[in-house]
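Heads up, the thing below is written out as structure tokens.
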Amino acid sequence: MTDKERPLEWIGSSYKDLMALPPDIRRRFGYALSLAQMGDQDDAAKVHKGFGGAGVLEVVEDDAGGTYRGVYTVKFAEAVFVLHCFQKKSKSGIATPKGDMDIIRARLKVAEAFVQELRNAKKGH
């Protein structure tokens with residue numbers, strides 16, 4: 001654990017999407033994100049496949065309404081970036097649907113560009 005809490009940055013509609021989930025799911029994802037901000041990892045957080053160990057993690061939670069996923073990255077020292085929160089609708093297998101994977105990939109690129117801007121701004125001072 002670190003002494004300094006990293007800020008949370010929401011990419012795209014991830015905050016709105018999280019707020020649309022059931023309250024117990026929101027609390028669970030919020031707890032995992034708060035641990036990530038402190039440099040720790042929730043026991044339920046697993047490396048999200050398909051990103052070559054790029055620090056992309058997901059928390060999967062089930063309730064009576066279905067299966068929900070929260071995907072975030074701890075790859076950057078500047079912040080924890082929330083990439084996607086969604087209900088998994090696919091009934092076949094455990095793989096993340098292609099559309100959701102595309103969203104996660106695109107938002108990871110946005111996070112990378114944001115961090116690069118921050119780093120460039122720091123160099124300019």
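A note on labels: chains of the structure tokens are A, B, ... as shown, every chain counts residues from 1, and ligands are counted from 1 in their shown order.
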**Request:** Write down as a PyMOL selection string the residues belonging to chain A that are assigned strand (DSSP E or B) by DSSP computed on the backbone.
**Result:** chain A and resi 8-10+45-47+56-63+66-73+80-88
**Item:** Residue neighbourhood Gly99 of chain A, 12 Å, only C-alpha atoms, exclusion window fewer than 4 positions, as a list in words
**Value:** His84, Phe86, Lys88, Lys89, Ser90, Ala95, Ile103, Ile104, Arg105 and Ala106 of chain A
Selected residues written out, C-alpha atoms, as a CSV table (one decimal), in the first residue's frame:
```csv
chain,number,residue,atom,x,y,z
A,84,HIS,CA,-16.1,0.3,-18.4
A,86,PHE,CA,-21.6,-3.1,-17.6
A,88,LYS,CA,-22.8,-9.0,-19.1
A,89,LYS,CA,-25.7,-10.0,-21.4
A,90,SER,CA,-24.1,-12.8,-23.3
A,95,ALA,CA,-15.7,-14.3,-22.4
A,103,ILE,CA,-15.1,-0.1,-25.6
A,104,ILE,CA,-12.4,-1.2,-23.1
A,105,ARG,CA,-9.6,-1.0,-25.7
A,106,ALA,CA,-10.8,2.4,-27.0
```
**Request:** Mind the document's chain letters and residue numbers, and return as a list in words the residues of segment 12-92 of chain A that DSSP labels helix (DSSP H, G or I).
**Result:**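 Going through segment 12-92 of chain A, the helix (DSSP H, G or I) residues come out as Ser14, Tyr15, Lys16, Asp17, Leu18, Met19, Pro23, Asp24, Ile25, Arg26, Arg27, Arg28, Phe29, Gly30, Tyr31, Ala32, Leu33, Ser34, Leu35, Ala36 and Gln37 of chain A.
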Hey, could you make a per-residue contact list for segment 54-87 of chain A against segment 8-24 of chain A with 9 Å as the cut-off, showing the nearest pair of atoms and its distance in Å to one decimal, counting only C-alpha atoms, sorted by chain and number, as a tab-separated table?
```
residue	atom	partner	partner_atom	distance
A:Asp63	CA	A:Asp24	CA	8.5
A:Gly65	CA	A:Pro22	CA	8.5
A:Tyr68	CA	A:Leu21	CA	8.1
A:Gly70	CA	A:Leu18	CA	8.0
A:Ala79	CA	A:Leu8	CA	5.8
A:Val80	CA	A:Leu8	CA	5.0
A:Phe81	CA	A:Glu9	CA	4.7
A:Val82	CA	A:Trp10	CA	5.0
A:Leu83	CA	A:Ile11	CA	5.5
A:His84	CA	A:Ser14	CA	5.0
A:Cys85	CA	A:Leu18	CA	5.4
A:Phe86	CA	A:Asp17	CA	6.6
A:Gln87	CA	A:Leu21	CA	7.9
```
**Prompt:** How many Å separate atom CA of Gly50 of chain A from atom CA of Asp100 of chain A?
**Reply:**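 If I compute the distance from atom CA of Gly50 of chain A to atom CA of Asp100 of chain A, I get 12.1 Å.
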**Prompt:** Which residues come within 6 Å of Gly55 of chain A, counting only C-alpha atoms, excluding same-chain residues fewer than 5 positions away, as a PyMOL selection string?
**Reply:** chain A and resi 73-75
**Request:** Extract, using only C-alpha atoms, all DNA, RNA and protein residues at most 9 Å from Val115 of chain A, discarding same-chain residues fewer than 4 positions from it, and format them as a list in words.
**Result:**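 After dropping sequence-adjacent residues, the list is Phe76, Glu78, Ala79, Val110, Ala111, Arg119 and Asn120 of chain A.
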